[in-house]
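Structure file final02.txt; described as compact mmCIF, C-alpha atoms.
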```
# COMPACT_ATOMS: atom_id res chain seq x y z
CA MET A 1 37.14 -26.87 -89.23
CA LEU A 2 34.62 -29.50 -90.25
CA GLN A 3 36.09 -32.22 -92.48
CA PRO A 4 34.25 -34.57 -94.85
CA GLY A 5 33.51 -37.90 -93.19
CA LYS A 6 32.08 -39.04 -89.87
CA ALA A 7 30.57 -36.37 -87.66
CA VAL A 8 27.68 -35.91 -85.27
CA LYS A 9 24.58 -33.79 -85.47
CA VAL A 10 23.44 -32.35 -82.17
CA THR A 11 19.85 -31.20 -81.81
CA ILE A 12 18.47 -29.35 -78.82
CA TYR A 13 14.71 -29.01 -78.40
CA LEU A 14 13.43 -26.21 -76.26
CA SER A 15 10.66 -23.71 -75.89
CA GLU A 16 10.89 -20.22 -77.31
CA GLY A 17 9.86 -18.63 -74.03
CA ALA A 18 12.58 -20.34 -71.99
CA THR A 19 14.94 -17.78 -70.50
CA HIS A 20 18.08 -17.89 -68.44
CA HIS A 21 19.07 -14.72 -66.55
CA GLY A 22 16.50 -12.85 -68.64
CA VAL A 23 17.98 -13.89 -71.98
CA PRO A 24 16.29 -16.45 -74.28
CA VAL A 25 17.99 -19.80 -73.78
CA TYR A 26 18.36 -20.38 -77.51
CA SER A 27 20.30 -17.15 -77.91
CA SER A 28 22.73 -17.97 -75.05
CA ILE A 29 23.27 -21.40 -76.60
CA LEU A 30 23.83 -19.90 -80.03
CA ASP A 31 26.31 -17.37 -78.59
CA PHE A 32 28.14 -20.16 -76.79
CA LEU A 33 28.44 -22.22 -80.00
CA PHE A 34 29.69 -19.15 -81.84
CA TYR A 35 32.27 -18.31 -79.16
CA ARG A 36 33.54 -21.88 -79.23
CA GLY A 37 34.05 -21.73 -82.98
CA VAL A 38 31.43 -24.32 -83.99
CA SER A 39 31.31 -24.57 -87.79
CA GLY A 40 27.66 -23.61 -88.03
CA ALA A 41 24.42 -23.71 -86.10
CA THR A 42 20.81 -23.10 -87.00
CA VAL A 43 17.84 -22.16 -84.84
CA THR A 44 14.46 -23.17 -86.24
CA ARG A 45 11.10 -22.22 -84.83
CA GLY A 46 8.37 -24.81 -85.12
CA VAL A 47 4.75 -23.95 -85.83
CA ALA A 48 3.40 -26.43 -83.32
CA GLY A 49 4.58 -29.10 -80.93
CA PHE A 50 4.57 -30.46 -77.43
CA GLY A 51 7.27 -31.40 -74.98
CA ALA A 52 7.79 -33.13 -71.67
CA ASP A 53 4.86 -31.31 -70.06
CA HIS A 54 2.53 -32.70 -72.76
CA HIS A 55 0.92 -29.37 -73.48
CA MET A 56 0.19 -28.63 -77.09
CA HIS A 57 1.69 -25.32 -78.18
CA SER A 58 0.75 -23.92 -81.54
CA LEU A 59 0.58 -20.66 -83.42
CA SER A 60 -3.20 -20.53 -83.17
CA SER A 61 -3.31 -20.41 -79.37
CA VAL A 62 -2.52 -16.75 -79.02
CA GLU A 63 -2.12 -16.61 -75.26
CA ILE A 64 0.75 -19.09 -75.15
CA SER A 65 2.40 -18.26 -78.44
CA ASP A 66 5.74 -17.64 -76.71
CA ARG A 67 5.92 -21.35 -75.94
CA LEU A 68 6.47 -22.44 -79.53
CA PRO A 69 9.05 -25.15 -80.05
CA ILE A 70 12.59 -24.12 -80.94
CA LYS A 71 15.18 -26.47 -82.37
CA ILE A 72 18.93 -25.73 -82.43
CA GLU A 73 21.03 -27.92 -84.67
CA PHE A 74 24.73 -28.10 -85.36
CA ILE A 75 27.09 -30.55 -86.95
CA GLU A 76 30.58 -31.10 -85.58
CA ALA A 77 33.31 -33.69 -85.19
CA GLN A 78 32.58 -36.15 -82.38
CA GLU A 79 35.38 -34.91 -80.08
CA LYS A 80 34.45 -31.29 -80.45
CA ALA A 81 30.76 -32.01 -79.81
CA ASP A 82 31.73 -34.02 -76.71
CA SER A 83 33.79 -31.12 -75.40
CA LEU A 84 30.74 -28.85 -75.69
CA LEU A 85 28.13 -31.14 -74.17
CA GLY A 86 28.78 -30.44 -70.49
CA LYS A 87 28.25 -26.74 -70.86
CA LEU A 88 25.34 -27.24 -73.28
CA GLU A 89 23.52 -29.40 -70.73
CA GLU A 90 24.01 -26.69 -68.16
CA LEU A 91 22.82 -23.93 -70.51
CA SER A 92 19.81 -25.78 -71.88
CA GLY A 93 18.17 -26.59 -68.52
CA THR A 94 15.18 -28.85 -69.08
CA ALA A 95 15.62 -29.16 -72.85
CA LEU A 96 16.02 -32.43 -74.71
CA ILE A 97 19.42 -32.94 -76.34
CA GLU A 98 19.85 -35.51 -79.07
CA ILE A 99 22.98 -36.65 -80.88
CA GLN A 100 23.01 -38.63 -84.07
CA GLU A 101 25.86 -39.90 -86.15
CA THR A 102 26.04 -38.41 -89.56
CA THR A 103 28.37 -38.11 -92.50
CA VAL A 104 29.60 -34.84 -93.86
CA VAL A 105 29.69 -35.08 -97.63
CA LYS A 106 30.93 -31.59 -98.22
CA PRO A 107 31.62 -29.02 -95.52
CA ALA A 108 30.40 -25.47 -96.08
CA GLN A 109 32.99 -23.34 -97.84
CA LEU A 110 34.74 -20.58 -95.98
CA SER A 111 36.23 -17.46 -97.42
CA LYS A 112 39.00 -17.74 -94.85
CA ALA A 113 39.87 -20.69 -92.69
CA ALA A 114 39.25 -20.41 -88.97
CA LYS A 115 41.42 -22.36 -86.59
CA PRO A 116 39.71 -24.66 -84.12
CA VAL A 117 39.59 -23.36 -80.60
CA HIS A 118 41.01 -25.61 -77.92
CA SER A 119 39.74 -25.31 -74.43
CA THR A 120 41.82 -27.00 -71.81
CA HIS A 121 42.17 -25.17 -68.56
CA LEU A 122 45.93 -25.42 -68.30
CA LYS A 123 48.00 -24.43 -65.38
CA ILE A 124 50.15 -21.75 -66.84
CA GLU A 125 53.38 -20.37 -65.61
CA GLY A 126 56.23 -18.69 -67.34
CA LYS A 127 55.94 -17.30 -70.85
CA ALA A 128 52.51 -16.05 -71.74
CA GLN A 129 50.88 -13.23 -73.63
CA MET A 130 48.71 -10.33 -72.75
CA MET A 131 46.07 -9.27 -75.22
CA ARG A 132 44.62 -5.82 -74.78
CA ILE A 133 41.59 -4.81 -76.81
CA TYR A 134 40.75 -1.11 -77.09
CA LEU A 135 37.12 -0.35 -77.81
CA SER A 136 34.43 2.18 -77.39
CA GLU A 137 32.03 1.54 -74.56
CA GLU A 138 29.10 1.98 -76.92
CA ASP A 139 30.25 -0.70 -79.39
CA ARG A 140 27.68 -3.45 -79.48
CA TRP A 141 27.52 -7.04 -80.61
CA GLN A 142 24.19 -8.89 -80.90
CA ASN A 143 22.34 -6.32 -78.77
CA LYS A 144 24.79 -6.37 -75.89
CA PRO A 145 27.87 -4.33 -75.10
CA LEU A 146 30.78 -5.64 -77.14
CA TYR A 147 33.12 -5.73 -74.16
CA GLU A 148 30.61 -7.90 -72.34
CA ALA A 149 30.24 -10.26 -75.31
CA LEU A 150 34.04 -10.52 -75.56
CA VAL A 151 34.31 -11.44 -71.88
CA GLU A 152 31.65 -14.13 -72.44
CA ALA A 153 33.51 -15.39 -75.49
CA MET A 154 36.77 -15.60 -73.56
CA ARG A 155 35.09 -17.27 -70.65
CA ALA A 156 33.55 -19.85 -72.98
CA ASN A 157 37.08 -20.61 -74.17
CA ASP A 158 38.58 -20.81 -70.67
CA ILE A 159 40.93 -17.87 -71.11
CA ALA A 160 42.79 -17.60 -67.81
CA GLY A 161 42.04 -14.03 -66.82
CA VAL A 162 40.10 -11.15 -68.35
CA THR A 163 39.51 -7.65 -66.95
CA VAL A 164 37.71 -4.69 -68.48
CA TYR A 165 38.86 -1.16 -67.64
CA ARG A 166 36.94 2.01 -68.30
CA GLY A 167 39.06 4.99 -69.29
CA ILE A 168 38.35 8.55 -68.20
CA LEU A 169 39.58 10.03 -71.49
CA GLY A 170 40.89 8.74 -74.76
CA TYR A 171 40.38 8.20 -78.45
CA GLY A 172 41.02 5.28 -80.71
CA ALA A 173 40.96 3.61 -84.08
CA HIS A 174 37.69 5.40 -84.83
CA ARG A 175 39.26 8.81 -84.02
CA ARG A 176 36.45 10.05 -81.85
CA MET A 177 37.33 11.74 -78.60
CA HIS A 178 35.91 9.90 -75.62
CA LYS A 179 35.54 11.81 -72.45
CA ASP A 180 34.06 10.53 -69.24
CA LYS A 181 30.85 12.45 -68.67
CA PRO A 182 30.17 13.70 -65.17
CA LEU A 183 28.10 11.49 -62.86
CA LEU A 184 25.53 9.20 -64.40
CA SER A 185 25.99 9.61 -68.12
CA SER A 186 29.10 7.49 -68.27
CA HIS A 187 28.50 6.26 -71.83
CA HIS A 188 30.70 6.90 -74.84
CA GLY A 189 33.84 6.06 -72.94
CA SER A 190 37.01 4.35 -74.03
CA VAL A 191 37.25 0.82 -72.74
CA MET A 192 40.19 -1.54 -72.54
CA LEU A 193 39.87 -5.26 -72.07
CA SER A 194 42.94 -7.17 -71.00
CA ALA A 195 43.24 -10.93 -71.30
CA ILE A 196 46.15 -13.13 -70.29
CA ASP A 197 46.87 -16.68 -71.42
CA THR A 198 49.30 -18.67 -73.50
CA ALA A 199 50.05 -17.35 -76.98
CA GLU A 200 48.38 -20.42 -78.55
CA LYS A 201 45.10 -19.95 -76.72
CA LEU A 202 44.95 -16.24 -77.47
CA GLN A 203 45.76 -16.88 -81.13
CA ALA A 204 43.07 -19.55 -81.19
CA ILE A 205 40.31 -17.13 -80.22
CA LEU A 206 41.54 -14.41 -82.55
CA PRO A 207 39.27 -15.54 -85.42
CA ILE A 208 36.30 -14.99 -83.10
CA VAL A 209 37.59 -11.59 -81.98
CA ASP A 210 38.04 -10.79 -85.69
CA GLN A 211 34.37 -11.36 -86.31
CA MET A 212 33.14 -9.48 -83.28
CA VAL A 213 35.31 -6.36 -83.37
CA GLN A 214 34.47 -4.00 -86.21
CA GLU A 215 36.59 -1.07 -85.07
CA GLY A 216 39.31 -1.16 -82.50
CA LEU A 217 42.84 -2.06 -81.68
CA VAL A 218 44.15 -5.39 -80.45
CA VAL A 219 47.59 -5.27 -78.86
CA PHE A 220 49.75 -8.26 -77.95
CA SER A 221 52.70 -8.21 -75.61
CA ASP A 222 54.82 -10.88 -73.98
CA VAL A 223 54.44 -11.35 -70.26
CA ASP A 224 55.79 -13.71 -67.65
CA ILE A 225 53.24 -15.30 -65.38
CA ILE A 226 54.70 -15.44 -61.91
CA LYS A 227 51.75 -16.91 -60.14
CA TYR A 228 48.42 -18.31 -61.29
CA ALA A 229 46.24 -19.61 -58.52
CA TYR A 230 42.56 -20.28 -58.78
CA ARG A 231 39.91 -21.97 -56.71
CA PRO A 232 38.60 -25.01 -58.56
CA GLU A 233 34.81 -24.91 -58.91
CA VAL A 234 33.08 -27.00 -56.29
CA SER A 235 30.93 -29.66 -57.96
CA GLU A 236 28.86 -31.77 -55.47
CA MET B 1 39.74 -3.59 -92.74
CA LYS B 2 42.38 -5.38 -90.70
CA GLU B 3 46.08 -4.46 -90.51
CA GLN B 4 48.77 -6.04 -88.38
CA PHE B 5 52.10 -4.44 -87.51
CA PRO B 6 54.73 -4.28 -84.77
CA ALA B 7 54.37 -1.21 -82.56
CA ARG B 8 55.26 0.21 -79.19
CA MET B 9 53.25 0.95 -76.10
CA LEU B 10 54.01 3.75 -73.66
CA ARG B 11 52.54 3.71 -70.20
CA ILE B 12 52.82 6.97 -68.34
CA HIS B 13 52.15 7.28 -64.64
CA PHE B 14 51.58 10.48 -62.68
CA GLY B 15 48.98 12.10 -60.45
CA GLU B 16 45.58 13.49 -61.34
CA ASP B 17 46.44 16.87 -59.80
CA ASP B 18 49.45 17.38 -62.08
CA ARG B 19 48.74 20.27 -64.41
CA TRP B 20 50.30 21.92 -67.39
CA GLN B 21 49.38 25.43 -68.47
CA GLY B 22 46.34 25.38 -66.24
CA LYS B 23 44.76 22.19 -67.49
CA PRO B 24 45.11 18.63 -66.28
CA LEU B 25 48.36 17.14 -67.52
CA TYR B 26 46.62 14.04 -68.91
CA GLU B 27 44.34 16.24 -71.02
CA ALA B 28 47.35 18.13 -72.36
CA ILE B 29 49.10 14.89 -73.30
CA VAL B 30 45.99 13.46 -75.00
CA ALA B 31 45.60 16.71 -76.97
CA ARG B 32 49.26 16.55 -78.04
CA CYS B 33 48.83 12.90 -79.11
CA LYS B 34 45.86 13.94 -81.22
CA GLU B 35 47.94 16.64 -82.90
CA LEU B 36 50.63 14.09 -83.68
CA ASP B 37 47.96 11.74 -85.04
CA ILE B 38 48.91 8.98 -82.63
CA ALA B 39 46.72 5.89 -83.07
CA GLU B 40 45.41 4.98 -79.64
CA VAL B 41 45.31 6.77 -76.31
CA ILE B 42 43.41 5.89 -73.18
CA VAL B 43 43.59 7.38 -69.70
CA PHE B 44 42.81 5.37 -66.56
CA ARG B 45 42.23 6.64 -63.08
CA GLY B 46 43.55 4.26 -60.45
CA ILE B 47 42.01 3.79 -57.04
CA GLU B 48 45.27 3.73 -55.13
CA GLY B 49 48.97 3.80 -55.82
CA TYR B 50 52.21 5.62 -55.30
CA GLY B 51 54.90 6.79 -57.60
CA SER B 52 58.15 8.64 -57.64
CA GLY B 53 58.35 10.65 -54.44
CA SER B 54 56.48 7.85 -52.64
CA ARG B 55 53.42 9.91 -51.84
CA ILE B 56 50.39 7.63 -51.69
CA ARG B 57 47.76 8.61 -54.23
CA ARG B 58 44.15 7.72 -53.69
CA SER B 59 40.87 8.54 -55.41
CA GLY B 60 38.45 10.35 -53.15
CA HIS B 61 34.80 9.61 -52.84
CA TRP B 62 32.70 10.28 -55.94
CA SER B 63 34.69 11.77 -58.71
CA PHE B 64 36.10 14.60 -56.63
CA SER B 65 39.53 13.15 -56.50
CA LYS B 66 42.36 13.53 -54.09
CA ASP B 67 45.29 13.23 -56.47
CA ALA B 68 44.35 9.80 -57.81
CA PRO B 69 47.01 7.89 -59.72
CA ILE B 70 46.65 8.36 -63.47
CA GLN B 71 47.90 5.98 -66.11
CA LEU B 72 47.98 6.81 -69.80
CA SER B 73 48.45 4.06 -72.29
CA ILE B 74 49.58 5.20 -75.73
CA ILE B 75 50.10 2.95 -78.74
CA ASP B 76 51.68 3.61 -82.11
CA THR B 77 54.80 2.87 -84.12
CA GLU B 78 58.16 3.68 -82.59
CA GLU B 79 58.73 6.71 -84.89
CA ARG B 80 55.39 8.27 -84.04
CA LEU B 81 55.95 7.86 -80.32
CA GLU B 82 59.46 9.27 -80.64
CA ALA B 83 57.86 12.55 -81.72
CA LEU B 84 55.91 12.69 -78.48
CA ILE B 85 58.91 12.25 -76.15
CA PRO B 86 60.09 15.93 -76.18
CA PHE B 87 56.61 17.01 -75.09
CA LEU B 88 56.64 14.49 -72.23
CA ASP B 89 60.11 15.67 -71.19
CA GLU B 90 58.82 19.20 -71.07
CA THR B 91 55.54 18.61 -69.23
CA ILE B 92 56.04 15.76 -66.76
CA GLU B 93 57.73 16.98 -63.61
CA GLU B 94 57.25 13.89 -61.56
CA GLY B 95 56.24 10.58 -63.05
CA LEU B 96 57.25 7.45 -64.86
CA VAL B 97 57.21 6.49 -68.53
CA ALA B 98 57.56 2.82 -69.44
CA ALA B 99 57.83 1.52 -73.01
CA SER B 100 57.32 -1.99 -74.28
CA PRO B 101 57.28 -3.62 -77.71
CA VAL B 102 53.87 -4.90 -78.82
CA GLU B 103 52.21 -6.48 -81.83
CA VAL B 104 49.12 -4.66 -83.01
CA ILE B 105 46.02 -5.58 -85.00
CA ARG B 106 43.91 -2.65 -86.08
CA TYR B 107 40.32 -3.05 -87.22
CA SER B 108 38.67 -0.14 -88.95
CA ARG B 109 35.48 0.40 -90.89
CA THR B 110 37.10 2.61 -93.51
CA GLN B 111 37.86 0.77 -96.71
CA ALA B 112 41.46 0.65 -97.91
```
Could the structure of this file be written out as C-alpha cells, please?
Amino acid sequence: MLQPGKAVKVTIYLSEGATHHGVPVYSSILDFLFYRGVSGATVTRGVAGFGADHHMHSLSSVEISDRLPIKIEFIEAQEKADSLLGKLEELSGTALIEIQETTVVKPAQLSKAAKPVHSTHLKIEGKAQMMRIYLSEEDRWQNKPLYEALVEAMRANDIAGVTVYRGILGYGAHRRMHKDKPLLSSHHGSVMLSAIDTAEKLQAILPIVDQMVQEGLVVFSDVDIIKYAYRPEVSE
Amino acid sequence: MKEQFPARMLRIHFGEDDRWQGKPLYEAIVARCKELDIAEVIVFRGIEGYGSGSRIRRSGHWSFSKDAPIQLSIIDTEERLEALIPFLDETIEEGLVAASPVEVIRYSRTQA
C-alpha cells in the first residue's frame, strides 16, 4: 500500500487507437496495473496533441479522431514502479514513458487494506498450495471472460501454474444448473481454474481475486510439489 | 458477500458409461447433491485414464464417448458430505472416492 513520503509518478503517453492483439493498449496496461495491485491509475484522454510522428491529432479532424492522445498515470513506491517497468515497456510498444519523483502527502483511503503483491519467480519445491476457483463460464470481468481475466492476473503475478477446466455438468455458489450443451453452444458451463504456488503468493493475489470474483467458490488445499521444471524464456 | 470456512472436497472417479436407474451415474450423483443442498459440484470428462479394474478409458471422437473417465469434484462441510456417502455406497459399483480437507472462500451476490 502507498505510504506518505517519497514515491514516483509514472506517466505513459500513447495514442487512443494503438492496439495490441486487438485490444486497446491503454486497457491492457490498465489491467496489468490492476492485476499487480498498483494503488491507483488514471487514464486521461487529451483533446489534441502530437507525438513522435509529429502529426497533429485533434478532436476536430474527424477522420483521425481515434488517434487522440491518451495518458496513463500512476503513483507508486520506487521499488514497486521499478518492478513493473520491464513489462510496461513491453506492453506500451512505441509509447513514451516518463517517471518523476514525487511526494505522497496523503495516500487515498481504503475501506480495507490490500496486501502488496510480490512477484519473484521462485523455484518451488515441497510444501505449496493449490487454489481452485469455481465459476460459471459466462461470468465476465471488464468485457472478457472472467476465467480468462483471472489467468491474465495470475500470469501478471508470476503464479507458477494455472489451468482452466470446463465441466460437463455442475452447479455452484449461484445455484444454477450448468449442463454442457451439445456441439457448438458450449456456453453456460461450469468452469474450474486451478492454480499452484506457495501459500504466500496465492494469499498475496487473493485481494485481486476478491475484487474480480462476484460469485463463486475459492478452495485451498495443501499440496506437495514434487517437480517444477520450466524453460526459461529466451531473451536475445 | 464473502464467507470463509474449513470444508472437505470429495473427488469421485468412474466411467462415463456407468449408469444408475437408466441415467448416467454422474447425473444421478449431481441430482442427489442438489437434493442435499451441497454447495459446489462439477463434473469433468477426462481424455484418457484408467481406474479400478485397470480398463483403459478414453474419450472417443466428438462427444460420442467410449467410456471416458469421469471425475466429480464435490465441496461442502464434512457433515453435509457425510450425508451423501450412503448414496455413493449404493450407486458406485466400480470407482474411487478420495476426500481431502480444504479451506473455502465463498463469494455470493445475495446480501447477508
Report as AutoDock Vina command-line options the centre and the edge lengths, in Å to one decimal, of the axis-aligned box holding every listed atom of region 3-15 of chain B, padded by 4 Å on each side.
```
--center_x 50.7 --center_y 3.0 --center_z -75.5 --size_x 17.2 --size_y 26.1 --size_z 38.1
```
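Computed from the coordinates, the CA of Val164 (chain A) to CA of Ile133 (chain A) distance equals 9.2 Å.
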request  = Would you kindly report the residues of chain B within 12 Å of chain A, using only C-alpha atoms, as an NGL selection string?
outcome  = :B and (1-9 or 16 or 24-35 or 37-46 or 62-64 or 70-76 or 99-111)
Would you output that residue set with C-alpha atoms, as a short mmCIF file (atom, residue, chain, number, x, y, z; two decimals), in the frame of the given file?
```cif
data_model
loop_
_atom_site.label_atom_id
_atom_site.label_comp_id
_atom_site.auth_asym_id
_atom_site.auth_seq_id
_atom_site.Cartn_x
_atom_site.Cartn_y
_atom_site.Cartn_z
CA MET B 1 39.74 -3.59 -92.74
CA LYS B 2 42.38 -5.38 -90.70
CA GLU B 3 46.08 -4.46 -90.51
CA GLN B 4 48.77 -6.04 -88.38
CA PHE B 5 52.10 -4.44 -87.51
CA PRO B 6 54.73 -4.28 -84.77
CA ALA B 7 54.37 -1.21 -82.56
CA ARG B 8 55.26 0.21 -79.19
CA MET B 9 53.25 0.95 -76.10
CA GLU B 16 45.58 13.49 -61.34
CA PRO B 24 45.11 18.63 -66.28
CA LEU B 25 48.36 17.14 -67.52
CA TYR B 26 46.62 14.04 -68.91
CA GLU B 27 44.34 16.24 -71.02
CA ALA B 28 47.35 18.13 -72.36
CA ILE B 29 49.10 14.89 -73.30
CA VAL B 30 45.99 13.46 -75.00
CA ALA B 31 45.60 16.71 -76.97
CA ARG B 32 49.26 16.55 -78.04
CA CYS B 33 48.83 12.90 -79.11
CA LYS B 34 45.86 13.94 -81.22
CA GLU B 35 47.94 16.64 -82.90
CA ASP B 37 47.96 11.74 -85.04
CA ILE B 38 48.91 8.98 -82.63
CA ALA B 39 46.72 5.89 -83.07
CA GLU B 40 45.41 4.98 -79.64
CA VAL B 41 45.31 6.77 -76.31
CA ILE B 42 43.41 5.89 -73.18
CA VAL B 43 43.59 7.38 -69.70
CA PHE B 44 42.81 5.37 -66.56
CA ARG B 45 42.23 6.64 -63.08
CA GLY B 46 43.55 4.26 -60.45
CA TRP B 62 32.70 10.28 -55.94
CA SER B 63 34.69 11.77 -58.71
CA PHE B 64 36.10 14.60 -56.63
CA ILE B 70 46.65 8.36 -63.47
CA GLN B 71 47.90 5.98 -66.11
CA LEU B 72 47.98 6.81 -69.80
CA SER B 73 48.45 4.06 -72.29
CA ILE B 74 49.58 5.20 -75.73
CA ILE B 75 50.10 2.95 -78.74
CA ASP B 76 51.68 3.61 -82.11
CA ALA B 99 57.83 1.52 -73.01
CA SER B 100 57.32 -1.99 -74.28
CA PRO B 101 57.28 -3.62 -77.71
CA VAL B 102 53.87 -4.90 -78.82
CA GLU B 103 52.21 -6.48 -81.83
CA VAL B 104 49.12 -4.66 -83.01
CA ILE B 105 46.02 -5.58 -85.00
CA ARG B 106 43.91 -2.65 -86.08
CA TYR B 107 40.32 -3.05 -87.22
CA SER B 108 38.67 -0.14 -88.95
CA ARG B 109 35.48 0.40 -90.89
CA THR B 110 37.10 2.61 -93.51
CA GLN B 111 37.86 0.77 -96.71
#
```
task = Would you please work out which residue, of B:Leu36, B:Asp89, B:Leu81, B:Gly49, is nearest to His13 (chain B) when using only C-alpha atoms?
result = B:Gly49
request  = Scan for residues within 12 Å of the point (30.3, -20.3, -80.9) in the coordinates of the file, using only C-alpha atoms, and reply as a PyMOL selection string.
outcome  = chain A and resi 27-42+74+76+80-81+84+88+116-117+149-150+152-157+205+207-209+211-212
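Taking CA of Tyr13 (chain A) and CA of Ala48 (chain A) as the two end points, the separation is 12.6 Å.
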Give me the residues near Ala98 (chain B) as a PDB file with C-alpha atoms, keeping the file's coordinate frame, where near means some atom within 7 Å (using all atoms listed in the file) and where sequence neighbours in that chain fewer than 5 positions away do not count.
```pdb
ATOM      1  CA  LEU B  10      54.010   3.750 -73.660  1.00  0.00           C
ATOM      2  CA  ARG B  11      52.540   3.710 -70.200  1.00  0.00           C
ATOM      3  CA  ILE B  12      52.820   6.970 -68.340  1.00  0.00           C
TER       4      ILE B  12
END
```
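CA of Phe87 (chain B) lies 12.9 Å from CA of Gln21 (chain B).
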task = Mind checking which residues fall within 9 Å of Ile196 (chain A), counting only C-alpha atoms, ignoring those fewer than 2 positions away in the same chain, and posting them as a PyMOL selection string?
result = chain A and resi 128-132+159-162+194+198-199+202+223+225
Is it possible to get the residues within 10 Å of (28.5, -39.1, -81.5) (coordinates as in the file, counting all atoms listed in the file) written as a compact mmCIF listing (two decimals) with C-alpha atoms, in the frame of the given file?
```txt
# COMPACT_ATOMS: atom_id res chain seq x y z
CA LYS A 6 32.08 -39.04 -89.87
CA ALA A 7 30.57 -36.37 -87.66
CA VAL A 8 27.68 -35.91 -85.27
CA LYS A 9 24.58 -33.79 -85.47
CA VAL A 10 23.44 -32.35 -82.17
CA GLU A 76 30.58 -31.10 -85.58
CA ALA A 77 33.31 -33.69 -85.19
CA GLN A 78 32.58 -36.15 -82.38
CA GLU A 79 35.38 -34.91 -80.08
CA LYS A 80 34.45 -31.29 -80.45
CA ALA A 81 30.76 -32.01 -79.81
CA ASP A 82 31.73 -34.02 -76.71
CA GLU A 98 19.85 -35.51 -79.07
CA ILE A 99 22.98 -36.65 -80.88
CA GLN A 100 23.01 -38.63 -84.07
CA GLU A 101 25.86 -39.90 -86.15
CA THR A 102 26.04 -38.41 -89.56
```
